Amino acid sequence: MDKKEILARVDHTLLDPTAGWEDIRRVLDDALHYGTASACIPPAYVRQAAEQVEGLLPICTVIGFPNGYSTVAVKTFEAAAAVQDGADEIDMVLNIGLLKAHRDAEVQAEIMMVHDSCRGKLVKVIIETCLLTEEEKIRACHLVTEAGAEYIKTSTGFSTGGATFEDVALLRKHVGPNVKVKAAGGISSFADAEKFIELGADRLGTSRLVKLMKQEEGWRY
C-alpha cells in the first residue's frame with residue numbers, strides 16, 4: 001500500500017487533555033491536507049471543529065472516555081450531544097467492569113442505547129484489549145456484533161497498552177461480517193500500519209503517521 005492509501009484509513013487523533021483550540025485546528029488542517037478518514041478530537045471542540053471544516057472532513061469524538069465506567073444515561077447524553085454538535089463518528093468505551101463480571105446483557109444494552117442515541121452515525125466500541133483476557137475479548141466481539149455497532153476498537157491509548165497484531169487478528173476473526181476493526185494506540189510507523197491493515201484493521205487511530213509525513217516534507221513544528 002502507498003502512504004496515501006494508509007492515511008485514508010487513519011483517524012488523525014488528538015485527545016491530550018491539555019490540547020487547546022489552536023492544537024485542534026492544526027489537527028484539522030493536517031487531516032484535510034493528508035486526506036485522513038477523520039479527525040478524532042475531544043467532545044468540547046466538536047461544534048467548533050465541525051464549523052471549521054464545513055463538511056469536508058468527518059469529525060470523530062470519544063464518549064465515556066477513557067475509563068468506560070460512566071452510567072448509561074451519561075454516555076447516551078454525551079453521544080447525543082456530540083452528534084447534535086456535528087460529530088460524524090462516535091468512539092465509546094464500553095463498561096469494562098461489567099464485561100469482566102459477565103454482565104453481558106447490560107454491556108450489550110449499553111452499546112445499543114448509545115448506538116440508538118447517535119441517530120445513524122458510526123459507532124466504534126473501544127474494548128481496551130490490554131485489560132482483557134482472550135475469552136473476554138471474544139465475548140466483547142460477540143456483544144459488539146449483536147448490539148449493531150459498526151466498529152470494534154482495540155484501545156483508548158490511555159491505559160497500559162495499545163493495539164497489537166495478535167489482538168487485531170483475534171478481533172477480525174470473532175466479530176460479525178458487518179463489524180469493522182479499528183486498531184489504536186502505539187501505531188508508530190507506516191510498516192506497522194500496513195501490517196495492521198493486512199491483519200484486518202479497517203481504521204487506525206494514531207497521530208504519528210501524519211507527523212512522519214510532515215517530517216518527510218520538512219514541516220517545522
# chains A, B, ... in the order shown; residues from 1 in each chain; ligands from 1

$ closest_atom_pairs --of "stretch 88-194 of chain A" --to "stretch 16-29 of chain A" --cutoff "12 Å" --atoms "only C-alpha atoms" --output "tab-separated table"
residue	atom	partner	partner_atom	distance
A:Thr156	CA	A:Asp16	CA	11.6
A:Gly157	CA	A:Asp16	CA	10.4
A:Phe158	CA	A:Asp16	CA	9.7

$ write_last_selection --atoms "all heavy atoms" --output "PDB file, in the first residue's frame"
ATOM      1  N   THR A 156      -7.940   2.759  24.006  1.00  0.00           N
ATOM      2  CA  THR A 156      -8.053   4.214  24.159  1.00  0.00           C
ATOM      3  C   THR A 156      -6.731   4.913  23.898  1.00  0.00           C
ATOM      4  O   THR A 156      -6.698   6.096  23.573  1.00  0.00           O
ATOM      5  CB  THR A 156      -8.497   4.582  25.591  1.00  0.00           C
ATOM      6  OG1 THR A 156      -7.485   4.131  26.514  1.00  0.00           O
ATOM      7  CG2 THR A 156      -9.844   3.964  25.938  1.00  0.00           C
ATOM      8  N   GLY A 157      -5.621   4.208  24.136  1.00  0.00           N
ATOM      9  CA  GLY A 157      -4.312   4.837  24.120  1.00  0.00           C
ATOM     10  C   GLY A 157      -3.946   5.457  25.458  1.00  0.00           C
ATOM     11  O   GLY A 157      -2.872   6.034  25.604  1.00  0.00           O
ATOM     12  N   PHE A 158      -4.837   5.318  26.451  1.00  0.00           N
ATOM     13  CA  PHE A 158      -4.613   5.918  27.768  1.00  0.00           C
ATOM     14  C   PHE A 158      -4.447   4.862  28.863  1.00  0.00           C
ATOM     15  O   PHE A 158      -4.371   5.216  30.029  1.00  0.00           O
ATOM     16  CB  PHE A 158      -5.782   6.838  28.132  1.00  0.00           C
ATOM     17  CG  PHE A 158      -5.735   8.182  27.454  1.00  0.00           C
ATOM     18  CD1 PHE A 158      -5.965   8.293  26.097  1.00  0.00           C
ATOM     19  CD2 PHE A 158      -5.448   9.329  28.162  1.00  0.00           C
ATOM     20  CE1 PHE A 158      -5.928   9.516  25.456  1.00  0.00           C
ATOM     21  CE2 PHE A 158      -5.406  10.566  27.533  1.00  0.00           C
ATOM     22  CZ  PHE A 158      -5.641  10.662  26.168  1.00  0.00           C
TER      23      PHE A 158
END

$ closest_atom_pairs --of "stretch 36-133 of chain A" --to "stretch 202-211 of chain A" --cutoff "10 Å" --atoms "only C-alpha atoms" --output "Markdown table"
| residue | atom | partner | partner_atom | distance |
| --- | --- | --- | --- | --- |
| A:Thr36 | CA | A:Val210 | CA | 8.8 |
| A:Ala37 | CA | A:Arg203 | CA | 8.0 |
| A:Ser38 | CA | A:Gly205 | CA | 9.5 |
| A:Ala39 | CA | A:Gly205 | CA | 9.4 |
| A:Cys40 | CA | A:Gly205 | CA | 8.2 |

$ write_last_selection --atoms "all heavy atoms" --output "compact mmCIF listing (two decimals), in the first residue's frame"
# COMPACT_ATOMS: atom_id res chain seq x y z
N THR A 36 -7.01 12.17 5.64
CA THR A 36 -7.29 11.10 6.60
C THR A 36 -8.79 10.81 6.66
O THR A 36 -9.61 11.60 6.20
CB THR A 36 -6.77 11.44 8.00
OG1 THR A 36 -7.47 12.58 8.52
CG2 THR A 36 -5.27 11.73 7.97
N ALA A 37 -9.13 9.66 7.24
CA ALA A 37 -10.53 9.25 7.31
C ALA A 37 -11.35 10.18 8.17
O ALA A 37 -12.54 10.42 7.90
CB ALA A 37 -10.63 7.82 7.84
N SER A 38 -10.74 10.70 9.24
CA SER A 38 -11.43 11.62 10.14
C SER A 38 -10.39 12.31 11.01
O SER A 38 -9.19 11.99 10.94
CB SER A 38 -12.43 10.88 11.04
OG SER A 38 -11.76 10.24 12.11
N ALA A 39 -10.86 13.25 11.81
CA ALA A 39 -10.07 13.79 12.92
C ALA A 39 -10.81 13.42 14.19
O ALA A 39 -12.01 13.67 14.32
CB ALA A 39 -9.92 15.30 12.82
N CYS A 40 -10.09 12.81 15.13
CA CYS A 40 -10.69 12.38 16.39
C CYS A 40 -10.23 13.33 17.49
O CYS A 40 -9.04 13.40 17.80
CB CYS A 40 -10.29 10.94 16.71
SG CYS A 40 -11.13 10.26 18.16

$ select_by_dssp --residues "stretch 12-143 of chain A" --states "alpha helix (DSSP H)" --output "VMD selection string"
chain A and resid 21 to 34 46 to 53 72 to 85 96 to 100 104 to 117 134 to 143

$ closest_residue --among "A:Ala201, A:Ala49, A:Ala8, A:Cys60" --to "A:Met92" --atoms "only C-alpha atoms"
A:Cys60

$ closest_residue --among "A:Glu150, A:Glu78, A:Asp192, A:Glu110" --to "A:Ala44" --atoms "only C-alpha atoms"
A:Glu78

$ atom_distance --atom1 "atom CA of A:Thr13" --atom2 "atom CA of A:Phe190"
15.8 Å

$ residues_around --residues "A:Gly86" --least-positions-apart "5" --cutoff "7 Å" --atoms "only C-alpha atoms" --output "VMD selection string"
chain A and resid 46 to 47 50

$ residues_around --residues "A:Val123" --least-positions-apart "6" --cutoff "8 Å" --atoms "only C-alpha atoms" --output "compact mmCIF listing (two decimals) with C-alpha atoms, in the first residue's frame"
# COMPACT_ATOMS: atom_id res chain seq x y z
CA GLU A 89 -18.38 9.28 14.34
CA ILE A 90 -18.53 8.24 17.99
CA ASP A 91 -15.85 6.16 19.74
CA MET A 92 -17.33 4.91 23.03
CA HIS A 115 -25.89 3.46 19.19
CA ALA A 149 -22.23 -1.20 16.32
CA GLU A 150 -20.25 -0.51 13.18
CA TYR A 151 -16.76 -0.97 14.66

$ residues_around --residues "A:Val179" --least-positions-apart "5" --cutoff "10 Å" --atoms "only C-alpha atoms" --output "mmCIF file with all heavy atoms, in the first residue's frame"
data_model
loop_
_atom_site.group_PDB
_atom_site.id
_atom_site.type_symbol
_atom_site.label_atom_id
_atom_site.label_comp_id
_atom_site.auth_asym_id
_atom_site.auth_seq_id
_atom_site.Cartn_x
_atom_site.Cartn_y
_atom_site.Cartn_z
ATOM 1 N N LYS A 124 -18.004 3.310 17.167
ATOM 2 C CA LYS A 124 -16.875 2.396 17.365
ATOM 3 C C LYS A 124 -16.792 2.101 18.856
ATOM 4 O O LYS A 124 -16.717 3.034 19.668
ATOM 5 C CB LYS A 124 -15.575 3.031 16.866
ATOM 6 C CG LYS A 124 -15.644 3.597 15.460
ATOM 7 C CD LYS A 124 -14.253 4.060 15.000
ATOM 8 C CE LYS A 124 -14.358 4.992 13.813
ATOM 9 N NZ LYS A 124 -14.357 6.418 14.218
ATOM 10 N N CYS A 141 -16.370 -9.190 21.280
ATOM 11 C CA CYS A 141 -16.646 -9.240 19.838
ATOM 12 C C CYS A 141 -18.094 -9.620 19.580
ATOM 13 O O CYS A 141 -18.784 -9.006 18.748
ATOM 14 C CB CYS A 141 -15.734 -10.256 19.154
ATOM 15 S SG CYS A 141 -14.017 -9.733 18.979
ATOM 16 N N VAL A 144 -20.515 -6.694 20.749
ATOM 17 C CA VAL A 144 -20.494 -5.563 19.825
ATOM 18 C C VAL A 144 -21.252 -5.921 18.546
ATOM 19 O O VAL A 144 -22.019 -5.113 18.014
ATOM 20 C CB VAL A 144 -19.036 -5.152 19.512
ATOM 21 C CG1 VAL A 144 -18.994 -4.135 18.371
ATOM 22 C CG2 VAL A 144 -18.360 -4.583 20.756
ATOM 23 N N THR A 145 -21.060 -7.136 18.073
ATOM 24 C CA THR A 145 -21.761 -7.581 16.866
ATOM 25 C C THR A 145 -23.268 -7.598 17.090
ATOM 26 O O THR A 145 -24.037 -7.050 16.281
ATOM 27 C CB THR A 145 -21.278 -8.985 16.455
ATOM 28 O OG1 THR A 145 -19.863 -8.948 16.188
ATOM 29 C CG2 THR A 145 -22.013 -9.477 15.222
ATOM 30 N N GLU A 146 -23.701 -8.207 18.188
ATOM 31 C CA GLU A 146 -25.134 -8.321 18.468
ATOM 32 C C GLU A 146 -25.785 -6.967 18.725
ATOM 33 O O GLU A 146 -26.963 -6.766 18.436
ATOM 34 C CB GLU A 146 -25.354 -9.244 19.671
ATOM 35 C CG GLU A 146 -25.018 -10.702 19.400
ATOM 36 C CD GLU A 146 -25.839 -11.294 18.275
ATOM 37 O OE1 GLU A 146 -27.064 -11.049 18.231
ATOM 38 O OE2 GLU A 146 -25.250 -11.973 17.403
ATOM 39 N N GLY A 148 -25.081 -4.220 17.221
ATOM 40 C CA GLY A 148 -25.252 -3.485 15.978
ATOM 41 C C GLY A 148 -24.296 -2.334 15.758
ATOM 42 O O GLY A 148 -24.516 -1.523 14.854
ATOM 43 N N ALA A 149 -23.217 -2.261 16.538
ATOM 44 C CA ALA A 149 -22.230 -1.204 16.321
ATOM 45 C C ALA A 149 -21.459 -1.458 15.035
ATOM 46 O O ALA A 149 -21.329 -2.600 14.585
ATOM 47 C CB ALA A 149 -21.273 -1.119 17.506
ATOM 48 N N GLU A 150 -20.949 -0.391 14.461
ATOM 49 C CA GLU A 150 -20.252 -0.510 13.178
ATOM 50 C C GLU A 150 -18.809 -0.969 13.321
ATOM 51 O O GLU A 150 -18.261 -1.589 12.401
ATOM 52 C CB GLU A 150 -20.276 0.838 12.441
ATOM 53 C CG GLU A 150 -21.615 1.202 11.834
ATOM 54 C CD GLU A 150 -22.651 1.665 12.836
ATOM 55 O OE1 GLU A 150 -22.264 2.117 13.950
ATOM 56 O OE2 GLU A 150 -23.850 1.587 12.518
ATOM 57 N N TYR A 151 -18.184 -0.661 14.452
ATOM 58 C CA TYR A 151 -16.763 -0.969 14.656
ATOM 59 C C TYR A 151 -16.519 -1.515 16.058
ATOM 60 O O TYR A 151 -17.218 -1.143 17.007
ATOM 61 C CB TYR A 151 -15.900 0.288 14.531
ATOM 62 C CG TYR A 151 -15.543 0.738 13.139
ATOM 63 C CD1 TYR A 151 -16.447 1.482 12.379
ATOM 64 C CD2 TYR A 151 -14.297 0.449 12.591
ATOM 65 C CE1 TYR A 151 -16.117 1.924 11.113
ATOM 66 C CE2 TYR A 151 -13.962 0.902 11.317
ATOM 67 C CZ TYR A 151 -14.865 1.630 10.587
ATOM 68 O OH TYR A 151 -14.538 2.072 9.328
ATOM 69 N N ILE A 152 -15.473 -2.318 16.162
ATOM 70 C CA ILE A 152 -14.865 -2.635 17.456
ATOM 71 C C ILE A 152 -13.457 -2.038 17.416
ATOM 72 O O ILE A 152 -12.780 -2.095 16.385
ATOM 73 C CB ILE A 152 -14.843 -4.154 17.718
ATOM 74 C CG1 ILE A 152 -14.440 -4.439 19.174
ATOM 75 C CG2 ILE A 152 -13.933 -4.899 16.746
ATOM 76 C CD1 ILE A 152 -14.694 -5.888 19.594
ATOM 77 N N LEU A 171 -9.738 -10.063 16.898
ATOM 78 C CA LEU A 171 -11.000 -9.342 16.744
ATOM 79 C C LEU A 171 -11.590 -9.584 15.360
ATOM 80 O O LEU A 171 -12.795 -9.803 15.222
ATOM 81 C CB LEU A 171 -10.802 -7.846 16.984
ATOM 82 C CG LEU A 171 -10.272 -7.408 18.356
ATOM 83 C CD1 LEU A 171 -10.301 -5.889 18.471
ATOM 84 C CD2 LEU A 171 -11.035 -8.046 19.494
ATOM 85 N N ARG A 172 -10.745 -9.529 14.350
ATOM 86 C CA ARG A 172 -11.235 -9.749 12.989
ATOM 87 C C ARG A 172 -11.865 -11.134 12.844
ATOM 88 O O ARG A 172 -12.874 -11.315 12.147
ATOM 89 C CB ARG A 172 -10.083 -9.591 11.998
ATOM 90 C CG ARG A 172 -10.421 -9.781 10.538
ATOM 91 C CD ARG A 172 -11.321 -8.672 10.024
ATOM 92 N NE ARG A 172 -12.737 -8.931 10.273
ATOM 93 C CZ ARG A 172 -13.693 -8.025 10.225
ATOM 94 N NH1 ARG A 172 -13.390 -6.763 9.985
ATOM 95 N NH2 ARG A 172 -14.942 -8.325 10.460
ATOM 96 N N HIS A 174 -13.411 -12.875 15.183
ATOM 97 C CA HIS A 174 -14.587 -13.160 16.019
ATOM 98 C C HIS A 174 -15.726 -12.152 15.893
ATOM 99 O O HIS A 174 -16.821 -12.443 16.377
ATOM 100 C CB HIS A 174 -14.160 -13.291 17.482
ATOM 101 C CG HIS A 174 -13.371 -14.523 17.746
ATOM 102 N ND1 HIS A 174 -13.941 -15.775 17.869
ATOM 103 C CD2 HIS A 174 -12.020 -14.717 17.882
ATOM 104 C CE1 HIS A 174 -13.007 -16.675 18.089
ATOM 105 N NE2 HIS A 174 -11.829 -16.061 18.100
ATOM 106 N N ASP A 202 -9.595 -1.958 9.633
ATOM 107 C CA ASP A 202 -10.176 -1.063 8.641
ATOM 108 C C ASP A 202 -9.842 0.391 8.921
ATOM 109 O O ASP A 202 -9.806 1.209 8.010
ATOM 110 C CB ASP A 202 -11.697 -1.234 8.619
ATOM 111 C CG ASP A 202 -12.104 -2.663 8.314
ATOM 112 O OD1 ASP A 202 -12.145 -3.010 7.126
ATOM 113 O OD2 ASP A 202 -12.368 -3.431 9.265
#

$ select_by_dssp --residues "stretch 6-165 of chain A" --states "strand (DSSP E)" --output "count of residues only"
26

$ closest_residue --among "A:Tyr34, A:Thr71, A:Leu143, A:Met113" --to "A:Val175" --atoms "only C-alpha atoms"
A:Leu143

$ residues_around --residues "A:Lys195" --least-positions-apart "4" --cutoff "8 Å" --atoms "only C-alpha atoms" --output "PyMOL selection string"
chain A and resi 165+191+199

$ write_last_selection --atoms "C-alpha atoms" --output "PDB file, in the first residue's frame"
ATOM      1  CA  PHE A 165      -1.077  -7.528  15.823  1.00  0.00           C
ATOM      2  CA  ALA A 191       5.154  -0.550   8.180  1.00  0.00           C
ATOM      3  CA  LEU A 199      -4.481  -8.456   9.610  1.00  0.00           C
TER       4      LEU A 199
END

$ residues_around --residues "stretch 136-138 of chain A" --least-positions-apart "4" --cutoff "10 Å" --atoms "only C-alpha atoms" --output "CSV table (one decimal) with all heavy atoms, in the first residue's frame"
chain,number,residue,atom,x,y,z
A,96,ILE,N,-16.0,-1.9,31.1
A,96,ILE,CA,-15.0,-3.0,31.2
A,96,ILE,C,-15.3,-3.8,32.4
A,96,ILE,O,-15.3,-5.1,32.4
A,96,ILE,CB,-13.6,-2.5,31.2
A,96,ILE,CG1,-13.3,-1.7,29.9
A,96,ILE,CG2,-12.6,-3.6,31.4
A,96,ILE,CD1,-12.1,-0.8,30.0
A,99,LEU,N,-18.2,-6.1,31.7
A,99,LEU,CA,-17.8,-7.2,30.9
A,99,LEU,C,-17.0,-8.3,31.7
A,99,LEU,O,-17.3,-9.5,31.5
A,99,LEU,CB,-16.9,-6.7,29.8
A,99,LEU,CG,-16.3,-7.8,28.8
A,99,LEU,CD1,-17.5,-8.3,27.9
A,99,LEU,CD2,-15.2,-7.2,27.9
A,100,LYS,N,-16.1,-7.9,32.5
A,100,LYS,CA,-15.4,-8.8,33.3
A,100,LYS,C,-16.2,-9.6,34.3
A,100,LYS,O,-15.9,-10.7,34.7
A,100,LYS,CB,-14.2,-8.1,34.1
A,100,LYS,CG,-13.1,-7.7,33.2
A,100,LYS,CD,-11.9,-7.1,33.9
A,100,LYS,CE,-10.7,-7.1,33.1
A,100,LYS,NZ,-10.1,-8.4,32.8
A,101,ALA,N,-17.3,-9.0,34.8
A,101,ALA,CA,-18.3,-9.6,35.7
A,101,ALA,C,-19.3,-10.5,35.0
A,101,ALA,O,-20.2,-11.0,35.6
A,101,ALA,CB,-19.0,-8.5,36.5
A,102,HIS,N,-19.1,-10.6,33.7
A,102,HIS,CA,-20.1,-11.5,32.9
A,102,HIS,C,-21.5,-10.9,32.9
A,102,HIS,O,-22.4,-11.7,32.7
A,102,HIS,CB,-20.0,-12.9,33.3
A,102,HIS,CG,-18.8,-13.6,33.0
A,102,HIS,ND1,-18.6,-14.4,31.9
A,102,HIS,CD2,-17.6,-13.7,33.7
A,102,HIS,CE1,-17.4,-14.9,31.9
A,102,HIS,NE2,-16.7,-14.5,32.9
A,127,ILE,N,-12.9,-1.5,23.5
A,127,ILE,CA,-12.9,-2.6,24.5
A,127,ILE,C,-11.7,-2.6,25.4
A,127,ILE,O,-11.7,-3.4,26.3
A,127,ILE,CB,-13.2,-4.0,23.8
A,127,ILE,CG1,-12.0,-4.4,23.0
A,127,ILE,CG2,-14.5,-3.9,23.0
A,127,ILE,CD1,-12.1,-5.9,22.5
A,128,GLU,N,-10.7,-1.9,25.1
A,128,GLU,CA,-9.4,-1.8,25.9
A,128,GLU,C,-8.8,-3.2,26.1
A,128,GLU,O,-8.8,-3.8,27.2
A,128,GLU,CB,-9.7,-1.1,27.3
A,128,GLU,CG,-8.5,-0.5,27.9
A,128,GLU,CD,-8.0,0.7,27.1
A,128,GLU,OE1,-7.3,0.5,26.1
A,128,GLU,OE2,-8.2,1.8,27.6
A,129,THR,N,-8.3,-3.7,25.0
A,129,THR,CA,-7.8,-5.1,24.9
A,129,THR,C,-6.7,-5.4,25.9
A,129,THR,O,-6.6,-6.5,26.4
A,129,THR,CB,-7.3,-5.4,23.5
A,129,THR,OG1,-6.4,-4.4,23.1
A,129,THR,CG2,-8.4,-5.6,22.5
A,130,CYS,N,-5.9,-4.4,26.3
A,130,CYS,CA,-4.8,-4.6,27.2
A,130,CYS,C,-5.3,-5.0,28.6
A,130,CYS,O,-4.5,-5.6,29.4
A,130,CYS,CB,-3.9,-3.4,27.3
A,130,CYS,SG,-4.7,-1.9,27.9
A,131,LEU,N,-6.6,-4.8,28.9
A,131,LEU,CA,-7.1,-5.1,30.2
A,131,LEU,C,-7.9,-6.4,30.2
A,131,LEU,O,-8.4,-6.8,31.2
A,131,LEU,CB,-8.0,-4.0,30.7
A,131,LEU,CG,-7.3,-2.6,30.8
A,131,LEU,CD1,-8.3,-1.6,31.4
A,131,LEU,CD2,-6.1,-2.7,31.8
A,132,LEU,N,-8.0,-7.1,29.0
A,132,LEU,CA,-8.9,-8.2,28.9
A,132,LEU,C,-8.2,-9.5,28.7
A,132,LEU,O,-7.1,-9.5,28.1
A,132,LEU,CB,-9.9,-8.0,27.7
A,132,LEU,CG,-10.7,-6.7,27.8
A,132,LEU,CD1,-11.7,-6.7,26.5
A,132,LEU,CD2,-11.6,-6.6,29.0
A,142,HIS,N,-18.6,-10.6,20.3
A,142,HIS,CA,-19.9,-11.1,20.1
A,142,HIS,C,-21.0,-10.0,20.5
A,142,HIS,O,-22.0,-9.8,19.9
A,142,HIS,CB,-20.2,-12.4,20.9
A,142,HIS,CG,-19.3,-13.5,20.4
A,142,HIS,ND1,-19.0,-14.6,21.1
A,142,HIS,CD2,-18.7,-13.7,19.2
A,142,HIS,CE1,-18.3,-15.4,20.5
A,142,HIS,NE2,-18.0,-14.9,19.3
A,143,LEU,N,-20.7,-9.4,21.6
A,143,LEU,CA,-21.6,-8.3,22.2
A,143,LEU,C,-21.7,-7.1,21.2
A,143,LEU,O,-22.8,-6.6,21.0
A,143,LEU,CB,-21.2,-7.9,23.6
A,143,LEU,CG,-21.3,-9.0,24.6
A,143,LEU,CD1,-20.6,-8.6,25.9
A,143,LEU,CD2,-22.7,-9.4,24.9
A,154,THR,N,-9.6,-1.4,19.5
A,154,THR,CA,-8.8,-2.1,20.5
A,154,THR,C,-8.6,-1.3,21.7
A,154,THR,O,-8.7,-1.8,22.8
A,154,THR,CB,-7.4,-2.4,19.9
A,154,THR,OG1,-6.8,-1.1,19.5
A,154,THR,CG2,-7.5,-3.3,18.7
A,167,ASP,N,-4.1,-9.0,18.7
A,167,ASP,CA,-5.4,-8.6,19.1
A,167,ASP,C,-6.3,-8.2,17.8
A,167,ASP,O,-7.4,-8.6,17.7
A,167,ASP,CB,-5.4,-7.4,20.0
A,167,ASP,CG,-5.1,-7.8,21.5
A,167,ASP,OD1,-5.3,-9.0,21.8
A,167,ASP,OD2,-4.7,-7.0,22.2
A,170,LEU,N,-7.3,-11.4,16.2
A,170,LEU,CA,-8.4,-12.1,17.0
A,170,LEU,C,-9.7,-11.4,16.9
A,170,LEU,O,-10.7,-12.1,16.7
A,170,LEU,CB,-8.0,-12.0,18.5
A,170,LEU,CG,-8.9,-12.7,19.5
A,170,LEU,CD1,-8.8,-14.2,19.3
A,170,LEU,CD2,-8.6,-12.3,20.9
A,171,LEU,N,-9.7,-10.1,16.9
A,171,LEU,CA,-11.0,-9.3,16.7
A,171,LEU,C,-11.6,-9.6,15.4
A,171,LEU,O,-12.8,-9.8,15.2
A,171,LEU,CB,-10.8,-7.8,17.0
A,171,LEU,CG,-10.3,-7.4,18.4
A,171,LEU,CD1,-10.3,-5.9,18.5
A,171,LEU,CD2,-11.0,-8.0,19.5
A,173,LYS,N,-11.3,-12.1,13.5
A,173,LYS,CA,-11.8,-13.5,13.5
A,173,LYS,C,-13.2,-13.6,14.1
A,173,LYS,O,-14.0,-14.4,13.7
A,173,LYS,CB,-10.8,-14.4,14.1
A,173,LYS,CG,-11.2,-15.9,14.1
A,173,LYS,CD,-10.1,-16.8,14.8
A,173,LYS,CE,-10.6,-18.2,14.8
A,173,LYS,NZ,-9.5,-19.1,15.5
A,174,HIS,N,-13.4,-12.9,15.2
A,174,HIS,CA,-14.6,-13.2,16.0
A,174,HIS,C,-15.7,-12.2,15.9
A,174,HIS,O,-16.8,-12.4,16.4
A,174,HIS,CB,-14.2,-13.3,17.5
A,174,HIS,CG,-13.4,-14.5,17.7
A,174,HIS,ND1,-13.9,-15.8,17.9
A,174,HIS,CD2,-12.0,-14.7,17.9
A,174,HIS,CE1,-13.0,-16.7,18.1
A,174,HIS,NE2,-11.8,-16.1,18.1
A,175,VAL,N,-15.5,-11.0,15.3
A,175,VAL,CA,-16.6,-10.1,15.1
A,175,VAL,C,-17.5,-10.6,13.9
A,175,VAL,O,-17.0,-11.3,13.0
A,175,VAL,CB,-16.2,-8.6,14.9
A,175,VAL,CG1,-15.7,-8.0,16.1
A,175,VAL,CG2,-15.2,-8.5,13.7
